[in-house]
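Visitor: Provided below: target-v2.txt, containing compact mmCIF, C-alpha atoms and all ligand atoms.
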```
# COMPACT_ATOMS: atom_id res chain seq x y z
CA MET A 1 -17.89 2.51 -8.44
CA ILE A 2 -18.40 2.06 -4.71
CA ILE A 3 -15.90 2.13 -1.86
CA ARG A 4 -16.71 -0.08 1.12
CA LYS A 5 -15.09 -1.99 3.94
CA ILE A 6 -13.49 -5.29 2.99
CA ASN A 7 -15.55 -8.31 3.98
CA GLU A 8 -14.62 -11.98 4.14
CA ASN A 9 -15.94 -12.59 0.59
CA ASP A 10 -13.30 -10.19 -0.76
CA ARG A 11 -10.38 -11.99 0.86
CA SER A 12 -9.77 -14.55 -1.88
CA VAL A 13 -9.37 -11.90 -4.62
CA ILE A 14 -7.06 -9.83 -2.42
CA ASN A 15 -4.97 -12.80 -1.31
CA GLU A 16 -4.65 -13.98 -4.89
CA TYR A 17 -3.46 -10.53 -6.01
CA LEU A 18 -0.93 -10.24 -3.18
CA THR A 19 0.40 -13.74 -3.73
CA HIS A 20 0.87 -13.01 -7.42
CA HIS A 21 2.40 -9.51 -7.09
CA PHE A 22 4.06 -9.57 -3.64
CA SER A 23 5.02 -13.28 -3.53
CA SER A 24 2.72 -14.06 -0.60
CA GLN A 25 -0.06 -12.66 1.55
CA LYS A 26 2.56 -12.04 4.21
CA LEU A 27 3.59 -8.36 4.06
CA VAL A 28 6.71 -7.10 5.84
CA SER A 29 7.58 -3.53 6.80
CA ARG A 30 9.82 -2.07 9.51
CA GLY A 31 10.70 -5.59 10.64
CA VAL A 32 7.08 -6.59 11.29
CA ILE A 33 5.13 -9.32 9.47
CA HIS A 34 1.51 -8.48 8.70
CA ASP A 35 -0.89 -11.23 7.66
CA SER A 36 -2.97 -9.53 4.99
CA SER A 37 -5.84 -11.98 5.43
CA THR A 38 -6.65 -10.51 8.86
CA LEU A 39 -6.01 -6.79 8.27
CA PRO A 40 -8.91 -4.34 8.01
CA GLY A 41 -9.27 -2.58 4.70
CA ILE A 42 -11.34 -0.84 2.09
CA ILE A 43 -12.09 -1.92 -1.44
CA ALA A 44 -13.17 -0.15 -4.63
CA CYS A 45 -15.60 -2.22 -6.74
CA SER A 46 -17.59 -1.82 -9.89
CA ASP A 47 -20.32 -4.43 -10.35
CA GLU A 48 -18.48 -7.68 -9.63
CA ALA A 49 -14.99 -6.37 -10.44
CA THR A 50 -12.43 -5.36 -7.84
CA LEU A 51 -10.71 -2.14 -8.92
CA GLY A 52 -8.40 -1.61 -5.95
CA PHE A 53 -7.96 -1.95 -2.22
CA ILE A 54 -6.09 -0.67 0.82
CA LEU A 55 -5.13 -2.71 3.88
CA TYR A 56 -4.16 -0.90 7.06
CA HIS A 57 -3.18 -1.31 10.68
CA VAL A 58 -4.08 1.05 13.52
CA ASP A 59 -1.67 1.39 16.43
CA GLY A 60 -2.46 4.10 18.97
CA GLU A 61 -2.55 7.45 17.20
CA GLU A 62 -0.95 6.08 14.06
CA CYS A 63 -2.46 4.33 11.10
CA GLN A 64 -0.15 2.47 8.75
CA ILE A 65 -1.12 1.62 5.21
CA ILE A 66 0.20 -1.90 4.72
CA ALA A 67 -0.83 -2.28 1.08
CA ALA A 68 -2.34 0.15 -1.42
CA VAL A 69 -3.22 -1.43 -4.74
CA SER A 70 -5.07 -0.26 -7.82
CA ILE A 71 -5.84 -3.21 -10.06
CA VAL A 72 -7.01 -0.68 -12.65
CA GLN A 73 -4.18 1.86 -12.59
CA GLU A 74 -3.83 5.56 -13.46
CA GLU A 75 -7.59 6.14 -13.51
CA GLY A 76 -7.86 7.89 -10.16
CA ILE A 77 -8.85 4.84 -8.09
CA GLY A 78 -5.84 5.07 -5.79
CA ARG A 79 -6.51 8.76 -5.14
CA ILE A 80 -10.16 8.05 -4.21
CA LEU A 81 -9.20 5.17 -1.91
CA MET A 82 -6.56 7.31 -0.19
CA ARG A 83 -9.05 10.11 0.39
CA GLU A 84 -11.38 7.60 2.07
CA MET A 85 -8.42 6.32 4.07
CA GLN A 86 -7.80 9.78 5.52
CA GLY A 87 -11.37 9.82 6.87
CA ILE A 88 -10.92 6.36 8.39
CA THR A 89 -7.69 7.48 10.01
CA ARG A 90 -9.38 10.46 11.65
CA SER A 91 -12.39 8.35 12.73
CA ALA A 92 -10.01 5.89 14.39
CA GLY A 93 -8.63 8.77 16.47
CA CYS A 94 -5.30 8.78 14.65
CA THR A 95 -3.35 11.83 13.59
CA ARG A 96 -0.59 10.23 11.55
CA LEU A 97 -1.15 8.21 8.41
CA TRP A 98 2.07 6.54 7.28
CA LEU A 99 3.41 3.86 5.03
CA ILE A 100 6.47 2.19 3.66
CA THR A 101 7.35 1.77 0.02
CA THR A 102 10.61 0.66 -1.53
CA ASN A 103 13.36 2.53 -3.36
CA ASN A 104 12.57 0.90 -6.70
CA ASN A 105 8.84 1.75 -6.67
CA ILE A 106 8.95 5.07 -8.50
CA ALA A 107 5.22 5.08 -9.40
CA ALA A 108 4.26 4.67 -5.73
CA GLN A 109 6.66 7.46 -4.70
CA LYS A 110 5.10 9.83 -7.24
CA PHE A 111 1.64 8.70 -6.19
CA TYR A 112 2.16 9.38 -2.46
CA LYS A 113 3.92 12.71 -3.10
CA SER A 114 1.04 13.83 -5.32
CA LEU A 115 -1.31 13.19 -2.38
CA GLY A 116 0.72 15.40 -0.04
CA PHE A 117 2.68 12.68 1.76
CA LYS A 118 6.21 13.63 2.87
CA LEU A 119 9.21 11.36 2.75
CA VAL A 120 10.37 11.41 6.39
CA LYS A 121 12.94 8.63 6.51
CA THR A 122 14.97 6.37 4.28
CA HIS A 123 15.72 3.12 6.08
CA VAL A 124 18.84 2.16 4.17
CA ASP A 125 19.15 -1.57 3.43
CA ALA A 126 16.08 -2.41 5.53
CA ILE A 127 14.88 -4.87 2.89
CA THR A 128 17.92 -7.02 3.60
CA ASN A 129 16.51 -7.54 7.09
CA SER A 130 12.98 -8.03 5.72
CA ARG A 131 14.27 -10.95 3.65
CA PHE A 132 15.04 -12.82 6.86
CA LEU A 133 11.31 -12.62 7.61
CA LYS A 134 10.15 -13.07 4.02
CA PRO A 135 12.79 -14.80 1.88
CA GLU A 136 10.45 -14.56 -1.16
CA ILE A 137 11.26 -10.83 -1.55
CA PRO A 138 13.30 -10.71 -4.78
CA GLU A 139 16.72 -9.07 -4.91
CA LYS A 140 15.68 -7.05 -7.98
CA ASP A 141 12.38 -5.93 -9.46
CA SER A 142 11.11 -6.84 -12.94
CA GLU A 143 13.22 -4.00 -14.42
CA GLY A 144 16.40 -5.19 -12.73
CA VAL A 145 16.50 -2.45 -10.06
CA PRO A 146 17.83 -3.70 -6.70
CA ILE A 147 15.20 -3.61 -3.94
CA LYS A 148 17.11 -2.36 -0.91
CA ASP A 149 15.66 0.52 1.08
CA GLU A 150 12.39 1.19 2.87
CA LEU A 151 11.08 4.73 2.31
CA GLU A 152 8.80 6.02 5.06
CA TYR A 153 6.11 8.51 4.03
CA GLU A 154 3.67 10.27 6.32
CA LEU A 155 0.66 12.55 6.22
CA TRP A 156 -0.78 14.34 9.26
CA VAL A 157 -4.57 14.21 9.05
C1 LIG B 201 0.73 3.18 -6.69
C2 LIG B 201 -0.70 2.92 -7.13
C3 LIG B 201 -1.51 2.42 -5.93
C4 LIG B 201 -1.31 4.22 -7.68
O1 LIG B 201 -2.69 4.01 -7.89
P1 LIG B 201 -3.48 4.62 -9.16
O2 LIG B 201 -4.91 4.31 -9.01
O3 LIG B 201 -2.83 4.14 -10.40
O4 LIG B 201 -3.20 6.17 -8.98
P2 LIG B 201 -4.14 7.39 -9.44
O5 LIG B 201 -4.66 7.11 -10.82
O6 LIG B 201 -5.15 7.67 -8.39
O7 LIG B 201 -3.08 8.57 -9.52
C5 LIG B 201 -2.98 9.61 -8.58
C6 LIG B 201 -1.70 10.37 -8.84
O8 LIG B 201 -0.57 9.55 -8.55
C7 LIG B 201 0.49 9.76 -9.51
N1 LIG B 201 0.73 8.50 -10.21
C8 LIG B 201 -0.03 7.38 -10.17
N2 LIG B 201 0.53 6.39 -10.92
C9 LIG B 201 1.64 6.91 -11.46
C10 LIG B 201 2.66 6.37 -12.31
N3 LIG B 201 2.62 5.12 -12.77
N4 LIG B 201 3.69 7.18 -12.64
C11 LIG B 201 3.75 8.46 -12.19
N5 LIG B 201 2.83 9.03 -11.36
C12 LIG B 201 1.78 8.25 -11.00
C13 LIG B 201 0.01 10.87 -10.43
O9 LIG B 201 0.47 12.10 -9.89
C14 LIG B 201 -1.49 10.79 -10.30
O10 LIG B 201 -2.12 12.02 -10.48
P3 LIG B 201 -2.61 12.48 -11.96
O11 LIG B 201 -3.46 11.36 -12.48
O12 LIG B 201 -3.38 13.73 -11.70
O13 LIG B 201 -1.37 12.66 -12.75
C15 LIG B 201 -0.74 1.86 -8.29
O14 LIG B 201 0.19 2.23 -9.27
C16 LIG B 201 -0.48 0.43 -7.85
O15 LIG B 201 -1.39 -0.29 -7.46
N6 LIG B 201 0.79 -0.04 -7.95
C17 LIG B 201 1.12 -1.43 -7.62
C18 LIG B 201 1.09 -1.70 -6.13
C19 LIG B 201 1.99 -0.76 -5.38
O16 LIG B 201 3.15 -0.61 -5.72
N7 LIG B 201 1.47 -0.13 -4.33
C20 LIG B 201 2.19 0.84 -3.50
C21 LIG B 201 3.12 0.24 -2.54
S1 LIG B 201 2.26 -0.74 -1.30
```
So, in terms of structure tokens, how does the structure I just supplied come out?

Guide:
Amino acid sequence: MIIRKINENDRSVINEYLTHHFSSQKLVSRGVIHDSSTLPGIIACSDEATLGFILYHVDGEECQIIAAVSIVQEEGIGRILMREMQGITRSAGCTRLWLITTNNNIAAQKFYKSLGFKLVKTHVDAITNSRFLKPEIPEKDSEGVPIKDELEYELWV
């Protein structure tokens, strides 16, 4: 497996995944729309297969993870990508790595906690506002859990 920067040839696989799993390549957090097709990122690949990727956005001394995805899950790919992401954050001159996940995403919450991230804020009902920007966000997830709150996690690097 190799980890490398995303290049333009990777975009179609990533866009296809995001459209399928997140309704579109438009990603919304904290009231901001991010176009995933233009974000920088890193990708984990094995031969021709994409195993996972992270898209991020640098703003001053902060680096926000916009999407963290393991296509092959629970095999340590996410952990390896996140370790690489910490190095990128430091190299970009940032001290805070942060992200948003949602109240229903229990696997992601366990994942980020296991990597040392701290839950610093719960933005109650923020997804209601996000739906104005991205009406495709469903009211409930596939298990019927309402998608309502944005959970903000951070790690100082
Ligand atoms: C969240 C996600 C990125 C985790 O990636 P992953 O490659 O499966 O995670 P890893 O195998 O590296 O696991 C690292 C640690 O996270 C935790 N973890 C990961 N998946 C978990 C799950 N489904 N349930 C509980 N804990 C989990 C474990 O503590 C694990 O450590 P361990 O293997 O020593 O027990 C992956 O589940 C995913 O792509 N989900 C769909 C997209 C998503 O929701 N992304 C996050 C919001 S943008």

Visitor: Atom CA of A:Gly78 and atom CA of A:Ile2, how far apart in Å?

Guide: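 These two atoms are separated by 13.0 Å.
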
Visitor: At what distance in Å, to one decimal, does atom C1 of ligand LIG 201 (chain B) lie from atom CA of A:Ala67?

Guide: 9.6 Å

Visitor: Considering all atoms listed in the file, state which residue in the set A:Lys113, A:Arg131, A:His34, A:Lys5 is at the smallest distance from A:Arg79.

Guide: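 Ranked by minimum distance to A:Arg79, first place goes to A:Lys113.
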
Visitor: Could you tell me which of A:Met85, A:Ala92, A:Leu51, A:Leu115 comes closest to A:Ser70 if we count all atoms listed in the file?

Guide: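 Checking each of A:Met85, A:Ala92, A:Leu51, A:Leu115 against A:Ser70, counting all atoms listed in the file, the winner is A:Leu51.
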
Visitor: Rank A:Val157, A:Ile65, A:Ile71, A:Lys121 by their smallest atom-to-atom distance to A:Gln86, using all atoms listed in the file, and report the top residue only.

Guide: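 Closest to A:Gln86, using all atoms listed in the file: A:Val157.
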
Visitor: Have a look at A:Val58, A:Ile80, A:Ala107, A:Val120 and name the one nearest to A:Cys94; count all atoms listed in the file.

Guide: A:Val58

Visitor: Please extract the residues at most 10 Å from ligand LIG 201 (chain B), counting all atoms listed in the file, and provide them as a PDB file with C-alpha atoms, in the coordinates of the input, using the chain letters and residue numbers of this document.

Guide:
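To be explicit, this is the file written out as out-v8.pdb:
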```
ATOM      1  CA  TYR A  17      -3.460 -10.530  -6.010  1.00  0.00           C
ATOM      2  CA  LEU A  18      -0.930 -10.240  -3.180  1.00  0.00           C
ATOM      3  CA  HIS A  21       2.400  -9.510  -7.090  1.00  0.00           C
ATOM      4  CA  PHE A  22       4.060  -9.570  -3.640  1.00  0.00           C
ATOM      5  CA  LEU A  27       3.590  -8.360   4.060  1.00  0.00           C
ATOM      6  CA  LEU A  51     -10.710  -2.140  -8.920  1.00  0.00           C
ATOM      7  CA  GLY A  52      -8.400  -1.610  -5.950  1.00  0.00           C
ATOM      8  CA  PHE A  53      -7.960  -1.950  -2.220  1.00  0.00           C
ATOM      9  CA  ILE A  54      -6.090  -0.670   0.820  1.00  0.00           C
ATOM     10  CA  LEU A  55      -5.130  -2.710   3.880  1.00  0.00           C
ATOM     11  CA  ILE A  65      -1.120   1.620   5.210  1.00  0.00           C
ATOM     12  CA  ILE A  66       0.200  -1.900   4.720  1.00  0.00           C
ATOM     13  CA  ALA A  67      -0.830  -2.280   1.080  1.00  0.00           C
ATOM     14  CA  ALA A  68      -2.340   0.150  -1.420  1.00  0.00           C
ATOM     15  CA  VAL A  69      -3.220  -1.430  -4.740  1.00  0.00           C
ATOM     16  CA  SER A  70      -5.070  -0.260  -7.820  1.00  0.00           C
ATOM     17  CA  ILE A  71      -5.840  -3.210 -10.060  1.00  0.00           C
ATOM     18  CA  VAL A  72      -7.010  -0.680 -12.650  1.00  0.00           C
ATOM     19  CA  GLN A  73      -4.180   1.860 -12.590  1.00  0.00           C
ATOM     20  CA  GLU A  74      -3.830   5.560 -13.460  1.00  0.00           C
ATOM     21  CA  GLU A  75      -7.590   6.140 -13.510  1.00  0.00           C
ATOM     22  CA  GLY A  76      -7.860   7.890 -10.160  1.00  0.00           C
ATOM     23  CA  ILE A  77      -8.850   4.840  -8.090  1.00  0.00           C
ATOM     24  CA  GLY A  78      -5.840   5.070  -5.790  1.00  0.00           C
ATOM     25  CA  ARG A  79      -6.510   8.760  -5.140  1.00  0.00           C
ATOM     26  CA  ILE A  80     -10.160   8.050  -4.210  1.00  0.00           C
ATOM     27  CA  LEU A  81      -9.200   5.170  -1.910  1.00  0.00           C
ATOM     28  CA  MET A  82      -6.560   7.310  -0.190  1.00  0.00           C
ATOM     29  CA  ARG A  83      -9.050  10.110   0.390  1.00  0.00           C
ATOM     30  CA  LEU A  99       3.410   3.860   5.030  1.00  0.00           C
ATOM     31  CA  ILE A 100       6.470   2.190   3.660  1.00  0.00           C
ATOM     32  CA  THR A 101       7.350   1.770   0.020  1.00  0.00           C
ATOM     33  CA  THR A 102      10.610   0.660  -1.530  1.00  0.00           C
ATOM     34  CA  ASN A 104      12.570   0.900  -6.700  1.00  0.00           C
ATOM     35  CA  ASN A 105       8.840   1.750  -6.670  1.00  0.00           C
ATOM     36  CA  ILE A 106       8.950   5.070  -8.500  1.00  0.00           C
ATOM     37  CA  ALA A 107       5.220   5.080  -9.400  1.00  0.00           C
ATOM     38  CA  ALA A 108       4.260   4.670  -5.730  1.00  0.00           C
ATOM     39  CA  GLN A 109       6.660   7.460  -4.700  1.00  0.00           C
ATOM     40  CA  LYS A 110       5.100   9.830  -7.240  1.00  0.00           C
ATOM     41  CA  PHE A 111       1.640   8.700  -6.190  1.00  0.00           C
ATOM     42  CA  TYR A 112       2.160   9.380  -2.460  1.00  0.00           C
ATOM     43  CA  LYS A 113       3.920  12.710  -3.100  1.00  0.00           C
ATOM     44  CA  SER A 114       1.040  13.830  -5.320  1.00  0.00           C
ATOM     45  CA  LEU A 115      -1.310  13.190  -2.380  1.00  0.00           C
TER      46      LEU A 115
END
```

Visitor: Take stretch 114-128 of chain A, model N, CA and C atoms, and hand the result over as a compact mmCIF listing (two decimals), in the frame of the given file.

Guide:
```txt
# COMPACT_ATOMS: atom_id res chain seq x y z
N SER A 114 2.13 13.04 -4.71
CA SER A 114 1.04 13.83 -5.32
C SER A 114 -0.14 13.99 -4.37
N LEU A 115 -0.21 13.11 -3.35
CA LEU A 115 -1.31 13.19 -2.38
C LEU A 115 -0.91 13.99 -1.14
N GLY A 116 0.28 14.55 -1.16
CA GLY A 116 0.72 15.40 -0.04
C GLY A 116 1.54 14.69 1.01
N PHE A 117 1.83 13.40 0.80
CA PHE A 117 2.68 12.68 1.76
C PHE A 117 4.11 13.21 1.67
N LYS A 118 4.80 13.20 2.82
CA LYS A 118 6.21 13.63 2.87
C LYS A 118 7.09 12.42 3.15
N LEU A 119 8.21 12.39 2.45
CA LEU A 119 9.21 11.36 2.75
C LEU A 119 9.92 11.79 4.04
N VAL A 120 9.79 10.99 5.11
CA VAL A 120 10.37 11.41 6.39
C VAL A 120 11.61 10.60 6.78
N LYS A 121 11.77 9.42 6.18
CA LYS A 121 12.94 8.63 6.51
C LYS A 121 13.26 7.64 5.40
N THR A 122 14.54 7.46 5.17
CA THR A 122 14.97 6.37 4.28
C THR A 122 15.68 5.35 5.16
N HIS A 123 15.12 4.18 5.27
CA HIS A 123 15.72 3.12 6.08
C HIS A 123 16.62 2.31 5.15
N VAL A 124 17.89 2.72 5.14
CA VAL A 124 18.84 2.16 4.17
C VAL A 124 19.02 0.66 4.45
N ASP A 125 18.91 -0.12 3.39
CA ASP A 125 19.15 -1.57 3.43
C ASP A 125 18.16 -2.36 4.30
N ALA A 126 17.04 -1.72 4.64
CA ALA A 126 16.08 -2.41 5.53
C ALA A 126 15.50 -3.67 4.89
N ILE A 127 15.46 -3.69 3.56
CA ILE A 127 14.88 -4.87 2.89
C ILE A 127 15.75 -6.11 3.10
N THR A 128 17.03 -5.88 3.29
CA THR A 128 17.92 -7.02 3.60
C THR A 128 17.41 -7.72 4.85
```
